[in-house]
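Engineer: Below you'll find target_14.txt; it's compact mmCIF, C-alpha atoms.
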# COMPACT_ATOMS: atom_id res chain seq x y z
CA MET A 654 16.28 -3.89 5.04
CA GLU A 655 17.67 -2.82 1.68
CA PRO A 656 15.36 -0.92 -0.64
CA LEU A 657 13.84 -3.17 -3.23
CA PRO A 658 14.40 -2.41 -6.92
CA GLY A 659 12.25 0.50 -7.99
CA MET A 660 11.43 1.43 -4.39
CA ALA A 661 14.08 3.77 -3.08
CA GLY A 662 13.06 5.74 -0.05
CA VAL A 663 9.80 6.23 1.70
CA GLY A 664 6.46 7.15 0.22
CA SER A 665 4.68 10.41 0.87
CA ARG A 666 2.97 10.98 4.21
CA GLU A 667 -0.41 11.13 2.45
CA THR A 668 0.20 7.73 0.86
CA LEU A 669 1.38 6.26 4.16
CA ASP A 670 -1.78 7.53 5.88
CA ARG A 671 -4.04 6.19 3.13
CA ILE A 672 -2.37 2.76 3.25
CA ARG A 673 -2.81 2.62 7.03
CA ARG A 674 -6.51 3.45 6.66
CA VAL A 675 -7.00 0.89 3.87
CA PHE A 676 -5.14 -1.78 5.87
CA ILE A 677 -7.33 -1.26 8.93
CA GLU A 678 -10.59 -1.03 6.98
CA SER A 679 -9.97 -3.89 4.53
CA LEU A 680 -9.01 -6.31 7.31
CA HIS A 681 -11.68 -5.00 9.72
CA LEU A 682 -9.12 -4.39 12.45
CA ASN A 683 -10.06 -2.85 15.76
CA LEU A 684 -7.33 -0.18 15.52
CA ASN A 685 -7.03 3.52 14.91
CA ALA A 686 -4.67 4.62 12.16
CA GLU A 687 -2.60 6.41 14.80
CA ASP A 688 -2.04 3.04 16.52
CA LEU A 689 -0.16 1.85 13.44
CA ALA A 690 3.32 3.40 13.27
CA TYR A 691 4.92 4.03 9.88
CA SER A 692 7.74 1.70 10.90
CA ASP A 693 5.44 -1.19 11.89
CA LYS A 694 5.55 -4.36 9.84
CA LEU A 695 1.98 -5.05 8.82
CA ASP A 696 2.20 -8.81 9.35
CA GLU A 697 3.22 -8.13 12.96
CA VAL A 698 0.11 -5.98 13.52
CA ALA A 699 -2.37 -8.47 12.04
CA ALA A 700 -2.26 -12.02 10.74
CA LEU A 701 -1.73 -11.84 7.00
CA ASP A 702 -2.81 -15.09 5.43
CA SER A 703 -3.24 -15.34 1.67
CA VAL A 704 -6.89 -14.23 1.80
CA ALA A 705 -6.06 -11.19 3.95
CA VAL A 706 -3.25 -10.20 1.59
CA LEU A 707 -5.56 -10.47 -1.42
CA GLU A 708 -8.23 -8.35 0.29
CA PHE A 709 -5.65 -5.76 1.28
CA VAL A 710 -4.08 -5.63 -2.20
CA ALA A 711 -7.50 -5.36 -3.88
CA ALA A 712 -8.42 -2.51 -1.53
CA LEU A 713 -5.10 -0.75 -2.28
CA GLU A 714 -5.63 -1.08 -6.02
CA LYS A 715 -9.11 0.40 -5.70
CA GLU A 716 -8.00 3.22 -3.36
CA PHE A 717 -5.07 4.30 -5.52
CA GLU A 718 -6.57 3.34 -8.92
CA ILE A 719 -3.49 1.32 -9.85
CA THR A 720 -2.62 -2.31 -10.49
CA LEU A 721 0.19 -3.75 -8.42
CA GLU A 722 2.62 -5.71 -10.55
CA PRO A 723 2.53 -9.45 -9.74
CA GLU A 724 6.28 -9.57 -9.01
CA MET A 725 5.74 -6.97 -6.28
CA LEU A 726 3.10 -9.02 -4.48
CA THR A 727 5.46 -10.61 -2.01
CA LEU A 728 5.18 -10.57 1.74
CA GLU A 729 8.43 -8.59 1.87
CA VAL A 730 6.77 -5.73 -0.05
CA VAL A 731 3.25 -5.98 1.34
CA ARG A 732 4.36 -6.11 4.98
CA ASP A 733 6.58 -3.01 4.86
CA LEU A 734 4.49 0.15 5.03
CA GLN A 735 7.28 2.48 3.93
CA HIS A 736 8.39 0.43 0.92
CA LEU A 737 4.78 -0.18 -0.06
CA ALA A 738 4.08 3.57 0.06
CA ALA A 739 7.16 4.32 -2.07
CA TYR A 740 6.08 1.70 -4.61
CA ILE A 741 2.51 3.04 -4.74
CA ASP A 742 3.76 6.61 -5.18
CA GLU A 743 5.94 5.42 -8.05
CA ARG A 744 3.06 3.51 -9.69
CA SER A 745 0.71 6.46 -9.23
CA ALA A 746 3.21 8.79 -10.91
CA GLN A 747 3.31 6.43 -13.92
CA ARG A 748 -0.47 6.45 -14.29
CA PRO A 749 -1.56 8.49 -17.32
CA PRO A 750 -3.51 11.65 -16.49
CA PRO A 751 -7.29 11.41 -16.73
CA PRO A 752 -8.72 12.47 -20.10
CA GLU A 753 -9.93 16.03 -20.27
CA ASN A 754 -13.68 16.51 -20.45
CA GLN A 755 -14.65 17.54 -23.90
CA ALA A 756 -17.79 19.58 -24.46
Hey, can you dump this file as C-alpha cells for me?
Structural biologist:
Amino acid sequence: MEPLPGMAGVGSRETLDRIRRVFIESLHLNLNAEDLAYSDKLDEVAALDSVAVLEFVAALEKEFEITLEPEMLTLEVVRDLQHLAAYIDERSAQRPPPPENQA
C-alpha cells in the first residue's frame, strides 16, 4: 500500500504499542497486545462497524490528546496500524506545547 499524503513511514514503537492497547481496550477484545502484530490490519482482527470505529477514534483522540482530521477518518487509515501510528506521531508533533505553570 502506498503511503497516504502526510503519512510517510511508520510511527514510533511507543505509538504503535499505545494504539494496540487502545484498540483492544476500546473494543473490549479478548486479546493481548502481543497478539496484535504491527503489520495486522485492524479490521481483520476485529469487526469494525461504524460504531466500533467511532469508539476507537474517540479513544485514540483521548489517549493522544489530539483531534483526528475528518478527511483522515477512512477505513484505509484506521485499519492500518503503521500508517495510523505515523499520522498520530505527526499530529502529536504539531500540538502546541503545554503552557508553563506560572507562580
Engineer: Grab the atom CA of Asn685 of chain A to atom CA of Arg671 of chain A distance for me, in Å with one decimal place.
Structural biologist: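 Distance between the two atoms: 12.4 Å.
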Engineer: For Glu714 of chain A, which of A:Thr727, A:Ser745, A:Ser665, A:Gln735 is the closest residue, counting only C-alpha atoms?
Structural biologist: A:Ser745
Engineer: Which residue, A:Glu708, A:Leu734, A:Arg744, A:Glu718, has the smallest gap to Glu678 of chain A when you use all atoms listed in the file?
Structural biologist: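 When distances to Glu678 of chain A are compared using all atoms listed in the file, the smallest one comes from A:Glu708.
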Engineer: Arg748 of chain A: which residues within 12 Å, counting all atoms listed in the file, same-chain residues fewer than 4 positions away excluded, as an NGL selection string?
Structural biologist: :A and (717-721 or 741-744 or 752)
Engineer: Please measure the separation of atom CA of Val663 of chain A and atom CA of Leu695 of chain A, giving the value in Å to one decimal.
Structural biologist: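 Separation of atom CA of Val663 of chain A and atom CA of Leu695 of chain A: 15.5 Å.
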Engineer: Atom CA of Ala739 of chain A to atom CA of Pro723 of chain A: how many Å, to one decimal?
Structural biologist: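 Spanning atom CA of Ala739 of chain A to atom CA of Pro723 of chain A is a straight-line distance of 16.4 Å.
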Engineer: Show me the residues around (-2.6, 5.7, 1.1) - criterion: an atom at most 10 Å away, all atoms listed in the file counted - as a PDB file with C-alpha atoms, keeping the file's coordinate frame.
Structural biologist:
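The result, written out as selection_22.pdb:
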ATOM      1  CA  GLY A 664       6.460   7.150   0.220  1.00  0.00           C
ATOM      2  CA  SER A 665       4.680  10.410   0.870  1.00  0.00           C
ATOM      3  CA  ARG A 666       2.970  10.980   4.210  1.00  0.00           C
ATOM      4  CA  GLU A 667      -0.410  11.130   2.450  1.00  0.00           C
ATOM      5  CA  THR A 668       0.200   7.730   0.860  1.00  0.00           C
ATOM      6  CA  LEU A 669       1.380   6.260   4.160  1.00  0.00           C
ATOM      7  CA  ASP A 670      -1.780   7.530   5.880  1.00  0.00           C
ATOM      8  CA  ARG A 671      -4.040   6.190   3.130  1.00  0.00           C
ATOM      9  CA  ILE A 672      -2.370   2.760   3.250  1.00  0.00           C
ATOM     10  CA  ARG A 673      -2.810   2.620   7.030  1.00  0.00           C
ATOM     11  CA  ARG A 674      -6.510   3.450   6.660  1.00  0.00           C
ATOM     12  CA  VAL A 675      -7.000   0.890   3.870  1.00  0.00           C
ATOM     13  CA  PHE A 676      -5.140  -1.780   5.870  1.00  0.00           C
ATOM     14  CA  LEU A 713      -5.100  -0.750  -2.280  1.00  0.00           C
ATOM     15  CA  GLU A 716      -8.000   3.220  -3.360  1.00  0.00           C
ATOM     16  CA  PHE A 717      -5.070   4.300  -5.520  1.00  0.00           C
ATOM     17  CA  LEU A 734       4.490   0.150   5.030  1.00  0.00           C
ATOM     18  CA  LEU A 737       4.780  -0.180  -0.060  1.00  0.00           C
ATOM     19  CA  ALA A 738       4.080   3.570   0.060  1.00  0.00           C
ATOM     20  CA  ILE A 741       2.510   3.040  -4.740  1.00  0.00           C
ATOM     21  CA  ASP A 742       3.760   6.610  -5.180  1.00  0.00           C
TER      22      ASP A 742
END
Engineer: Taking into account only C-alpha atoms, which residue in the set A:Glu753, A:Asp688, A:Ala700, A:Val710 is nearest to Glu722 of chain A?
Structural biologist: A:Val710
Engineer: I need the residue nearest Ala705 of chain A from this list: A:Ala690, A:Val730, A:Ala746, A:Leu682. Use all atoms listed in the file for the distance.
Structural biologist: A:Leu682
Engineer: I'd like to know which of A:His736, A:Val706, A:Ala711, A:Ser679 is closest to Tyr691 of chain A, using all atoms listed in the file.
Structural biologist: A:His736
Engineer: Find, counting all atoms listed in the file, the residue in A:Leu726, A:Val731, A:Leu689, A:Leu680 that gets nearest to Val704 of chain A.
Structural biologist: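 Closest candidate: A:Leu680.
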Engineer: Would you mind putting back N, CA and C atoms on segment 722-736 of chain A, then writing it out as a compact mmCIF listing (two decimals), keeping the file's coordinate frame?
Structural biologist:
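New file selection-v9.txt:
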# COMPACT_ATOMS: atom_id res chain seq x y z
N GLU A 722 1.98 -4.72 -9.69
CA GLU A 722 2.62 -5.71 -10.55
C GLU A 722 2.77 -7.02 -9.79
N PRO A 723 2.48 -8.15 -10.43
CA PRO A 723 2.53 -9.45 -9.74
C PRO A 723 3.86 -9.72 -9.04
N GLU A 724 4.98 -9.31 -9.63
CA GLU A 724 6.28 -9.57 -9.01
C GLU A 724 6.48 -8.78 -7.72
N MET A 725 5.64 -7.76 -7.49
CA MET A 725 5.74 -6.97 -6.28
C MET A 725 4.83 -7.50 -5.17
N LEU A 726 4.04 -8.49 -5.46
CA LEU A 726 3.10 -9.02 -4.48
C LEU A 726 3.74 -10.10 -3.62
N THR A 727 4.78 -9.71 -2.94
CA THR A 727 5.46 -10.61 -2.01
C THR A 727 5.22 -10.11 -0.60
N LEU A 728 5.36 -10.98 0.36
CA LEU A 728 5.18 -10.57 1.74
C LEU A 728 6.18 -9.49 2.13
N GLU A 729 7.40 -9.58 1.57
CA GLU A 729 8.43 -8.59 1.87
C GLU A 729 7.96 -7.18 1.50
N VAL A 730 7.27 -7.03 0.40
CA VAL A 730 6.77 -5.73 -0.05
C VAL A 730 5.50 -5.36 0.71
N VAL A 731 4.56 -6.27 0.77
CA VAL A 731 3.25 -5.98 1.34
C VAL A 731 3.34 -5.68 2.84
N ARG A 732 4.27 -6.28 3.53
CA ARG A 732 4.36 -6.11 4.98
C ARG A 732 5.03 -4.80 5.39
N ASP A 733 5.79 -4.18 4.51
CA ASP A 733 6.58 -3.01 4.86
C ASP A 733 5.87 -1.74 4.39
N LEU A 734 5.31 -1.02 5.33
CA LEU A 734 4.49 0.15 5.03
C LEU A 734 5.27 1.20 4.24
N GLN A 735 6.51 1.46 4.61
CA GLN A 735 7.28 2.48 3.93
C GLN A 735 7.64 2.11 2.50
N HIS A 736 8.07 0.87 2.28
CA HIS A 736 8.39 0.43 0.92
C HIS A 736 7.13 0.36 0.06
